[in-house]
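Next comes protein36.pdb, with PDB, C-alpha atoms and all ligand atoms.
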ATOM      1  CA  MET X   8      35.927 237.075 109.000  1.00  0.00           C
ATOM      2  CA  GLN X   9      32.605 236.993 110.872  1.00  0.00           C
ATOM      3  CA  THR X  10      29.414 235.079 110.272  1.00  0.00           C
ATOM      4  CA  VAL X  11      25.942 236.005 111.394  1.00  0.00           C
ATOM      5  CA  CYS X  12      22.849 233.927 110.664  1.00  0.00           C
ATOM      6  CA  TYR X  13      19.255 234.910 110.238  1.00  0.00           C
ATOM      7  CA  GLY X  14      17.172 231.740 109.953  1.00  0.00           C
ATOM      8  CA  GLU X  15      18.638 229.731 107.087  1.00  0.00           C
ATOM      9  CA  ARG X  16      20.545 232.614 105.590  1.00  0.00           C
ATOM     10  CA  CYS X  17      24.068 233.129 106.889  1.00  0.00           C
ATOM     11  CA  ILE X  18      26.090 236.181 105.993  1.00  0.00           C
ATOM     12  CA  THR X  19      29.864 236.094 106.204  1.00  0.00           C
ATOM     13  CA  TYR X  20      31.567 239.437 106.211  1.00  0.00           C
ATOM     14  CA  ASP X  21      34.895 241.184 106.677  1.00  0.00           C
ATOM     15  CA  VAL X  22      35.267 244.204 108.902  1.00  0.00           C
ATOM     16  CA  GLU X  23      37.440 247.164 108.099  1.00  0.00           C
ATOM     17  CA  TYR X  24      37.916 249.516 110.993  1.00  0.00           C
ATOM     18  CA  VAL X  25      38.209 253.034 109.716  1.00  0.00           C
ATOM     19  CA  GLN X  26      38.099 256.579 110.964  1.00  0.00           C
ATOM     20  CA  ARG X  27      34.443 257.370 110.375  1.00  0.00           C
ATOM     21  CA  ARG X  28      31.336 258.009 112.427  1.00  0.00           C
ATOM     22  CA  THR X  29      28.835 255.510 111.050  1.00  0.00           C
ATOM     23  CA  MET X  30      28.915 251.973 109.719  1.00  0.00           C
ATOM     24  CA  ALA X  31      28.654 251.238 106.002  1.00  0.00           C
ATOM     25  CA  ILE X  32      27.956 247.876 104.388  1.00  0.00           C
ATOM     26  CA  SER X  33      28.903 247.034 100.826  1.00  0.00           C
ATOM     27  CA  VAL X  34      28.503 243.905  98.711  1.00  0.00           C
ATOM     28  CA  HIS X  35      31.188 243.347  96.100  1.00  0.00           C
ATOM     29  CA  PRO X  36      30.665 241.678  92.718  1.00  0.00           C
ATOM     30  CA  ASP X  37      32.379 238.522  94.040  1.00  0.00           C
ATOM     31  CA  MET X  38      29.548 238.509  96.636  1.00  0.00           C
ATOM     32  CA  LYS X  39      31.867 239.373  99.513  1.00  0.00           C
ATOM     33  CA  VAL X  40      30.343 241.564 102.210  1.00  0.00           C
ATOM     34  CA  VAL X  41      32.495 244.282 103.747  1.00  0.00           C
ATOM     35  CA  VAL X  42      31.512 246.370 106.749  1.00  0.00           C
ATOM     36  CA  LYS X  43      33.340 249.607 107.325  1.00  0.00           C
ATOM     37  CA  ALA X  44      33.009 250.470 110.968  1.00  0.00           C
ATOM     38  CA  PRO X  45      34.271 253.223 113.255  1.00  0.00           C
ATOM     39  CA  LEU X  46      37.317 252.166 115.310  1.00  0.00           C
ATOM     40  CA  GLU X  47      36.318 250.321 118.498  1.00  0.00           C
ATOM     41  CA  THR X  48      32.853 249.287 117.290  1.00  0.00           C
ATOM     42  CA  SER X  49      31.914 246.020 119.026  1.00  0.00           C
ATOM     43  CA  ILE X  50      31.266 242.859 117.009  1.00  0.00           C
ATOM     44  CA  GLU X  51      27.797 242.689 118.595  1.00  0.00           C
ATOM     45  CA  ALA X  52      26.968 246.116 117.228  1.00  0.00           C
ATOM     46  CA  ILE X  53      28.241 245.134 113.787  1.00  0.00           C
ATOM     47  CA  ASN X  54      26.289 241.859 113.808  1.00  0.00           C
ATOM     48  CA  LYS X  55      23.168 243.787 114.727  1.00  0.00           C
ATOM     49  CA  LYS X  56      23.694 246.175 111.845  1.00  0.00           C
ATOM     50  CA  VAL X  57      24.333 243.306 109.384  1.00  0.00           C
ATOM     51  CA  LEU X  58      21.184 241.502 110.564  1.00  0.00           C
ATOM     52  CA  LYS X  59      19.163 244.645 110.032  1.00  0.00           C
ATOM     53  CA  ARG X  60      20.354 244.782 106.430  1.00  0.00           C
ATOM     54  CA  VAL X  61      20.161 241.020 105.751  1.00  0.00           C
ATOM     55  CA  ARG X  62      17.435 241.338 103.100  1.00  0.00           C
ATOM     56  CA  TRP X  63      19.279 244.066 101.250  1.00  0.00           C
ATOM     57  CA  ILE X  64      22.569 242.075 101.418  1.00  0.00           C
ATOM     58  CA  SER X  65      20.871 238.922 100.098  1.00  0.00           C
ATOM     59  CA  LYS X  66      19.321 240.906  97.269  1.00  0.00           C
ATOM     60  CA  GLN X  67      22.694 242.358  96.299  1.00  0.00           C
ATOM     61  CA  GLN X  68      24.335 238.913  96.442  1.00  0.00           C
ATOM     62  CA  ASP X  69      21.563 237.380  94.325  1.00  0.00           C
ATOM     63  CA  PHE X  70      22.035 240.182  91.821  1.00  0.00           C
ATOM     64  CA  PHE X  71      25.759 239.459  91.495  1.00  0.00           C
ATOM     65  CA  ALA X  72      25.223 235.674  91.595  1.00  0.00           C
ATOM     66  CA  GLN X  73      23.434 235.736  88.246  1.00  0.00           C
ATOM     67  CA  TYR X  74      26.707 236.708  86.596  1.00  0.00           C
ATOM     68  CA  HIS X  75      28.590 233.772  88.069  1.00  0.00           C
ATOM     69  CA  PRO X  76      28.547 230.267  86.578  1.00  0.00           C
ATOM     70  CA  LYS X  77      26.076 228.315  88.683  1.00  0.00           C
ATOM     71  CA  GLU X  78      28.444 226.277  90.815  1.00  0.00           C
ATOM     72  CA  ALA X  79      31.538 228.450  90.608  1.00  0.00           C
ATOM     73  CA  SER X  80      30.285 231.108  92.972  1.00  0.00           C
ATOM     74  CA  ARG X  81      30.750 228.968  96.053  1.00  0.00           C
ATOM     75  CA  GLN X  82      32.487 230.612  98.980  1.00  0.00           C
ATOM     76  CA  TYR X  83      32.747 227.486 101.150  1.00  0.00           C
ATOM     77  CA  ILE X  84      31.023 228.995 104.122  1.00  0.00           C
ATOM     78  CA  GLY X  85      28.276 227.503 106.261  1.00  0.00           C
ATOM     79  CA  GLY X  86      24.740 227.816 104.939  1.00  0.00           C
ATOM     80  CA  GLU X  87      25.399 227.691 101.208  1.00  0.00           C
ATOM     81  CA  SER X  88      24.115 224.815  99.101  1.00  0.00           C
ATOM     82  CA  HIS X  89      26.285 222.214  97.375  1.00  0.00           C
ATOM     83  CA  LEU X  90      25.281 219.503  94.921  1.00  0.00           C
ATOM     84  CA  TYR X  91      26.108 215.831  95.308  1.00  0.00           C
ATOM     85  CA  LEU X  92      24.624 213.014  93.200  1.00  0.00           C
ATOM     86  CA  GLY X  93      21.788 215.264  92.091  1.00  0.00           C
ATOM     87  CA  ARG X  94      20.751 216.511  95.501  1.00  0.00           C
ATOM     88  CA  ARG X  95      21.345 219.823  97.163  1.00  0.00           C
ATOM     89  CA  TYR X  96      22.957 219.788 100.576  1.00  0.00           C
ATOM     90  CA  ARG X  97      23.492 222.606 102.985  1.00  0.00           C
ATOM     91  CA  LEU X  98      27.124 223.090 103.940  1.00  0.00           C
ATOM     92  CA  ARG X  99      27.869 223.019 107.667  1.00  0.00           C
ATOM     93  CA  VAL X 100      31.383 223.694 108.896  1.00  0.00           C
ATOM     94  CA  ILE X 101      32.109 222.404 112.397  1.00  0.00           C
ATOM     95  CA  SER X 102      35.302 222.354 114.430  1.00  0.00           C
ATOM     96  CA  GLU X 103      34.880 218.938 116.124  1.00  0.00           C
ATOM     97  CA  GLY X 104      36.459 215.936 114.420  1.00  0.00           C
ATOM     98  CA  LYS X 105      37.948 215.748 110.962  1.00  0.00           C
ATOM     99  CA  GLY X 106      36.459 214.748 107.628  1.00  0.00           C
ATOM    100  CA  VAL X 107      33.403 215.178 105.446  1.00  0.00           C
ATOM    101  CA  LYS X 108      30.081 213.420 105.797  1.00  0.00           C
ATOM    102  CA  ILE X 109      26.478 213.625 104.699  1.00  0.00           C
ATOM    103  CA  ASN X 110      23.835 213.757 107.392  1.00  0.00           C
ATOM    104  CA  GLY X 111      20.237 214.279 106.300  1.00  0.00           C
ATOM    105  CA  GLY X 112      20.225 217.377 104.142  1.00  0.00           C
ATOM    106  CA  ASN X 113      23.585 218.550 105.427  1.00  0.00           C
ATOM    107  CA  LEU X 114      27.064 218.247 104.008  1.00  0.00           C
ATOM    108  CA  ILE X 115      29.186 218.457 107.136  1.00  0.00           C
ATOM    109  CA  VAL X 116      32.824 219.449 106.979  1.00  0.00           C
ATOM    110  CA  SER X 117      34.639 218.819 110.270  1.00  0.00           C
ATOM    111  CA  ILE X 118      37.771 220.879 110.356  1.00  0.00           C
ATOM    112  CA  ARG X 119      39.578 222.659 113.158  1.00  0.00           C
ATOM    113  CA  ASP X 120      40.477 225.715 111.112  1.00  0.00           C
ATOM    114  CA  SER X 121      37.447 226.969 109.168  1.00  0.00           C
ATOM    115  CA  ASP X 122      39.567 229.025 106.765  1.00  0.00           C
ATOM    116  CA  THR X 123      37.587 228.869 103.495  1.00  0.00           C
ATOM    117  CA  THR X 124      40.563 227.688 101.415  1.00  0.00           C
ATOM    118  CA  LYS X 125      41.049 224.751 103.773  1.00  0.00           C
ATOM    119  CA  VAL X 126      37.334 223.944 103.717  1.00  0.00           C
ATOM    120  CA  ARG X 127      37.384 224.049  99.913  1.00  0.00           C
ATOM    121  CA  ASN X 128      40.444 221.786  99.717  1.00  0.00           C
ATOM    122  CA  MET X 129      38.928 219.261 102.087  1.00  0.00           C
ATOM    123  CA  LEU X 130      35.639 219.280 100.188  1.00  0.00           C
ATOM    124  CA  GLU X 131      37.402 218.939  96.831  1.00  0.00           C
ATOM    125  CA  ARG X 132      39.364 215.949  98.080  1.00  0.00           C
ATOM    126  CA  TRP X 133      36.115 214.396  99.257  1.00  0.00           C
ATOM    127  CA  TYR X 134      34.384 215.056  95.918  1.00  0.00           C
ATOM    128  CA  ARG X 135      37.342 213.500  94.095  1.00  0.00           C
ATOM    129  CA  GLN X 136      37.263 210.388  96.269  1.00  0.00           C
ATOM    130  CA  LYS X 137      33.489 210.051  95.830  1.00  0.00           C
ATOM    131  CA  ALA X 138      33.798 210.663  92.080  1.00  0.00           C
ATOM    132  CA  THR X 139      36.362 207.861  91.726  1.00  0.00           C
ATOM    133  CA  GLU X 140      34.140 205.521  93.747  1.00  0.00           C
ATOM    134  CA  HIS X 141      30.877 206.306  91.918  1.00  0.00           C
ATOM    135  CA  PHE X 142      32.368 206.512  88.423  1.00  0.00           C
ATOM    136  CA  ASN X 143      33.868 203.056  88.889  1.00  0.00           C
ATOM    137  CA  GLN X 144      30.499 201.737  90.054  1.00  0.00           C
ATOM    138  CA  SER X 145      28.876 203.374  87.034  1.00  0.00           C
ATOM    139  CA  PHE X 146      31.457 201.677  84.815  1.00  0.00           C
ATOM    140  CA  GLN X 147      30.600 198.275  86.351  1.00  0.00           C
ATOM    141  CA  ARG X 148      26.890 198.876  85.628  1.00  0.00           C
ATOM    142  CA  CYS X 149      27.372 200.132  82.074  1.00  0.00           C
ATOM    143  CA  TRP X 150      30.149 197.771  81.014  1.00  0.00           C
ATOM    144  CA  LYS X 151      27.720 194.831  81.294  1.00  0.00           C
ATOM    145  CA  MET X 152      25.947 196.144  78.192  1.00  0.00           C
ATOM    146  CA  PHE X 153      29.214 196.103  76.254  1.00  0.00           C
ATOM    147  CA  GLU X 154      30.681 192.805  77.425  1.00  0.00           C
ATOM    148  CA  GLU X 155      29.335 190.813  74.475  1.00  0.00           C
ATOM    149  CA  LEU X 156      31.373 193.041  72.138  1.00  0.00           C
ATOM    150  CA  ARG X 157      34.607 191.726  73.689  1.00  0.00           C
ATOM    151  CA  LEU X 158      36.268 195.153  73.761  1.00  0.00           C
ATOM    152  CA  ILE X 159      39.266 196.089  75.879  1.00  0.00           C
ATOM    153  CA  PRO X 160      37.927 197.904  78.967  1.00  0.00           C
ATOM    154  CA  PRO X 161      39.110 201.523  79.194  1.00  0.00           C
ATOM    155  CA  LYS X 162      41.047 203.015  82.075  1.00  0.00           C
ATOM    156  CA  ILE X 163      38.846 205.475  84.017  1.00  0.00           C
ATOM    157  CA  VAL X 164      40.422 208.804  84.951  1.00  0.00           C
ATOM    158  CA  VAL X 165      38.786 211.649  86.929  1.00  0.00           C
ATOM    159  CA  LYS X 166      39.778 215.200  86.005  1.00  0.00           C
ATOM    160  CA  LYS X 167      38.606 218.777  86.053  1.00  0.00           C
ATOM    161  CA  LEU X 168      37.419 219.383  82.505  1.00  0.00           C
ATOM    162  CA  GLU X 169      36.393 222.857  81.434  1.00  0.00           C
ATOM    163  CA  LYS X 170      33.850 222.199  78.722  1.00  0.00           C
ATOM    164  CA  ARG X 171      33.056 218.518  78.531  1.00  0.00           C
ATOM    165  CA  TRP X 172      31.532 215.817  80.689  1.00  0.00           C
ATOM    166  CA  GLY X 173      33.798 213.151  79.371  1.00  0.00           C
ATOM    167  CA  SER X 174      36.129 212.080  76.609  1.00  0.00           C
ATOM    168  CA  LEU X 175      37.627 208.890  75.283  1.00  0.00           C
ATOM    169  CA  ALA X 176      41.167 208.910  73.967  1.00  0.00           C
ATOM    170  CA  LYS X 177      42.225 206.444  71.285  1.00  0.00           C
ATOM    171  CA  SER X 178      44.778 205.157  73.809  1.00  0.00           C
ATOM    172  CA  GLY X 179      41.823 203.733  75.752  1.00  0.00           C
ATOM    173  CA  THR X 180      41.680 206.254  78.597  1.00  0.00           C
ATOM    174  CA  LEU X 181      38.164 207.366  79.509  1.00  0.00           C
ATOM    175  CA  THR X 182      38.293 210.749  81.250  1.00  0.00           C
ATOM    176  CA  LEU X 183      35.294 211.956  83.226  1.00  0.00           C
ATOM    177  CA  ASN X 184      34.694 215.463  84.537  1.00  0.00           C
ATOM    178  CA  ILE X 185      34.885 215.549  88.337  1.00  0.00           C
ATOM    179  CA  ASN X 186      31.808 217.799  88.395  1.00  0.00           C
ATOM    180  CA  LEU X 187      29.735 214.892  87.143  1.00  0.00           C
ATOM    181  CA  ILE X 188      29.639 213.705  90.785  1.00  0.00           C
ATOM    182  CA  LYS X 189      27.152 216.561  91.329  1.00  0.00           C
ATOM    183  CA  ALA X 190      24.688 214.959  88.904  1.00  0.00           C
ATOM    184  CA  PRO X 191      22.281 212.052  89.578  1.00  0.00           C
ATOM    185  CA  LYS X 192      23.558 208.512  88.984  1.00  0.00           C
ATOM    186  CA  ALA X 193      21.271 208.197  85.943  1.00  0.00           C
ATOM    187  CA  CYS X 194      23.158 211.088  84.333  1.00  0.00           C
ATOM    188  CA  ILE X 195      26.570 209.658  85.267  1.00  0.00           C
ATOM    189  CA  ASP X 196      25.534 206.392  83.580  1.00  0.00           C
ATOM    190  CA  TYR X 197      24.446 208.357  80.513  1.00  0.00           C
ATOM    191  CA  VAL X 198      27.863 210.031  80.120  1.00  0.00           C
ATOM    192  CA  MET X 199      29.593 206.705  80.793  1.00  0.00           C
ATOM    193  CA  THR X 200      27.500 204.908  78.155  1.00  0.00           C
ATOM    194  CA  HIS X 201      28.059 207.704  75.642  1.00  0.00           C
ATOM    195  CA  GLU X 202      31.823 207.435  76.098  1.00  0.00           C
ATOM    196  CA  LEU X 203      31.773 203.632  75.965  1.00  0.00           C
ATOM    197  CA  CYS X 204      29.976 203.843  72.611  1.00  0.00           C
ATOM    198  CA  HIS X 205      33.013 205.782  71.400  1.00  0.00           C
ATOM    199  CA  LEU X 206      35.048 202.574  71.825  1.00  0.00           C
ATOM    200  CA  LEU X 207      33.322 201.442  68.628  1.00  0.00           C
ATOM    201  CA  PHE X 208      32.750 204.753  66.877  1.00  0.00           C
ATOM    202  CA  HIS X 209      35.077 207.672  67.513  1.00  0.00           C
ATOM    203  CA  ASP X 210      32.705 210.216  65.975  1.00  0.00           C
ATOM    204  CA  HIS X 211      29.092 211.282  66.458  1.00  0.00           C
ATOM    205  CA  SER X 212      27.892 209.532  63.328  1.00  0.00           C
ATOM    206  CA  LYS X 213      24.512 207.914  62.839  1.00  0.00           C
ATOM    207  CA  ALA X 214      26.088 204.537  63.648  1.00  0.00           C
ATOM    208  CA  PHE X 215      27.261 205.970  66.977  1.00  0.00           C
ATOM    209  CA  TYR X 216      23.787 207.246  67.906  1.00  0.00           C
ATOM    210  CA  ASP X 217      22.162 203.987  66.783  1.00  0.00           C
ATOM    211  CA  LEU X 218      24.430 202.113  69.172  1.00  0.00           C
ATOM    212  CA  LEU X 219      23.747 204.586  72.010  1.00  0.00           C
ATOM    213  CA  GLN X 220      20.001 204.282  71.385  1.00  0.00           C
ATOM    214  CA  ARG X 221      20.249 200.477  71.617  1.00  0.00           C
ATOM    215  CA  LYS X 222      22.334 200.502  74.779  1.00  0.00           C
ATOM    216  CA  MET X 223      20.376 203.273  76.526  1.00  0.00           C
ATOM    217  CA  PRO X 224      16.951 203.949  74.954  1.00  0.00           C
ATOM    218  CA  ASP X 225      16.207 206.865  77.318  1.00  0.00           C
ATOM    219  CA  TRP X 226      19.563 208.634  76.891  1.00  0.00           C
ATOM    220  CA  GLU X 227      17.960 211.877  75.673  1.00  0.00           C
ATOM    221  CA  ARG X 228      15.923 212.263  78.841  1.00  0.00           C
ATOM    222  CA  ARG X 229      19.046 211.720  80.950  1.00  0.00           C
ATOM    223  CA  LYS X 230      21.024 214.202  78.864  1.00  0.00           C
ATOM    224  CA  MET X 231      18.349 216.869  79.331  1.00  0.00           C
ATOM    225  CA  LYS X 232      18.285 216.247  83.060  1.00  0.00           C
ATOM    226  CA  LEU X 233      22.059 216.679  83.209  1.00  0.00           C
ATOM    227  CA  GLU X 234      21.990 219.933  81.280  1.00  0.00           C
ATOM    228  CA  LYS X 235      19.295 221.366  83.516  1.00  0.00           C
ATOM    229  CA  MET X 236      20.998 220.243  86.677  1.00  0.00           C
ATOM    230  CA  VAL X 237      24.541 221.520  86.678  1.00  0.00           C
TER     231      VAL X 237
HETATM  232 ZN    ZN L 301      30.912 211.996  72.239  1.00  0.00          ZN
END

Just dump the structure as structure tokens.
Amino acid sequence: MQTVCYGERCITYDVEYVQRRTMAISVHPDMKVVVKAPLETSIEAINKKVLKRVRWISKQQDFFAQYHPKEASRQYIGGESHLYLGRRYRLRVISEGKGVKINGGNLIVSIRDSDTTKVRNMLERWYRQKATEHFNQSFQRCWKMFEELRLIPPKIVVKKLEKRWGSLAKSGTLTLNINLIKAPKACIDYVMTHELCHLLFHDHSKAFYDLLQRKMPDWERRKMKLEKMV
């Protein structure tokens, strides 16, 4: 796999060496770029060709991107944007050191082997750790509003949920979607408060919404923000 950058836009591509006379670039529906090149073409020559077609490649990728769910089309390569607590960060993959950190507008993954599966795994572990940390902080903030009710505090669990932001089981386990870590704290608190209201009312009855309205008068604004965001 090769990467070539033009300003902020980086293109990662695979090369297939084939018996042909000219180079051909194609963009697949999964947004992968493949260059078919005559045997013995130098990488410099291929990079040059890719750079020449960068606008066309970007256009093709944007075309295919509209068919992907917003955040699912990530390839875990340098240059693409990733959300964290409501902000977009540019992914940088570097080979010095080990770990993930935020620096300015960059989300830096330090990993010796920049294989995209390894980058994804490292980033997912980091998101999970941050989700646990921030969801527990959100619980501390929101639980204060429920303390007077003398309820049994739920156990917070972080999971990948397909269709929901959160759920509360009658057993007292409050499950939150790991992807919520991509939303602003105000939205995390909204989902947390919504689920905590389910400790009293297990349905979405008027009594439930009355309670939610009392605990978080601006919940609708937060909900809209969340739906627009992720
Ligand atoms: Zn609900």

Please provide the set of residues having any atom within 6 Å of range 14-25 of chain X, restricted to only C-alpha atoms, with same-chain residues fewer than 2 positions apart removed, written as number ranges by chain.
-> X: 8-12, 27, 40-46, 86

Neighbours of ligand ZN 301 (chain L) within 9 Å, counting only C-alpha atoms and all ligand atoms, as an mmCIF file with C-alpha atoms, in the frame of the given file?
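And here is the file that came out, part_3.cif:
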data_model
loop_
_atom_site.group_PDB
_atom_site.id
_atom_site.type_symbol
_atom_site.label_atom_id
_atom_site.label_comp_id
_atom_site.auth_asym_id
_atom_site.auth_seq_id
_atom_site.Cartn_x
_atom_site.Cartn_y
_atom_site.Cartn_z
ATOM 1 C CA GLY X 173 33.798 213.151 79.371
ATOM 2 C CA SER X 174 36.129 212.080 76.609
ATOM 3 C CA LEU X 175 37.627 208.890 75.283
ATOM 4 C CA VAL X 198 27.863 210.031 80.120
ATOM 5 C CA HIS X 201 28.059 207.704 75.642
ATOM 6 C CA GLU X 202 31.823 207.435 76.098
ATOM 7 C CA CYS X 204 29.976 203.843 72.611
ATOM 8 C CA HIS X 205 33.013 205.782 71.400
ATOM 9 C CA HIS X 209 35.077 207.672 67.513
ATOM 10 C CA ASP X 210 32.705 210.216 65.975
ATOM 11 C CA HIS X 211 29.092 211.282 66.458
ATOM 12 C CA PHE X 215 27.261 205.970 66.977
#

Considering only C-alpha atoms, return as JSON, numbers by chain whatever protein or nucleic-acid residues lie within 10 Å of range 128-144 of chain X, sequence-local ones (same chain, fewer than 2 positions apart) excluded.
-> {"X": [83, 91, 92, 105, 106, 107, 108, 114, 115, 116, 117, 118, 123, 124, 125, 126, 146, 147, 148, 149, 150, 162, 163, 164, 165, 166, 167, 183, 184, 185, 186, 187, 188, 189, 192, 195, 196, 199]}

Taking into account only C-alpha atoms, which residue in the set X:Leu168, X:Leu203, X:Leu219, X:Ala214 is nearest to Glu154 in chain X?
-> X:Leu203

Compare X:Leu206, X:Ile32, X:Ile101, X:Met223 by their minimum atom-to-atom distance to Leu156 in chain X, counting all atoms listed in the file, and give me the closest one.
->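 Of X:Leu206, X:Ile32, X:Ile101, X:Met223, the one nearest Leu156 in chain X, counting all atoms listed in the file, is X:Leu206.
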
What is the CA of Val34 in chain X to CA of Glu51 in chain X distance in Å?
->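 Value for the CA of Val34 in chain X-CA of Glu51 in chain X distance: 19.9 Å.
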
Atom pair CA of Ala190 in chain X / CA of Glu227 in chain X: separation (Å) |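 Atom-to-atom, CA of Ala190 in chain X to CA of Glu227 in chain X, that is 15.2 Å.
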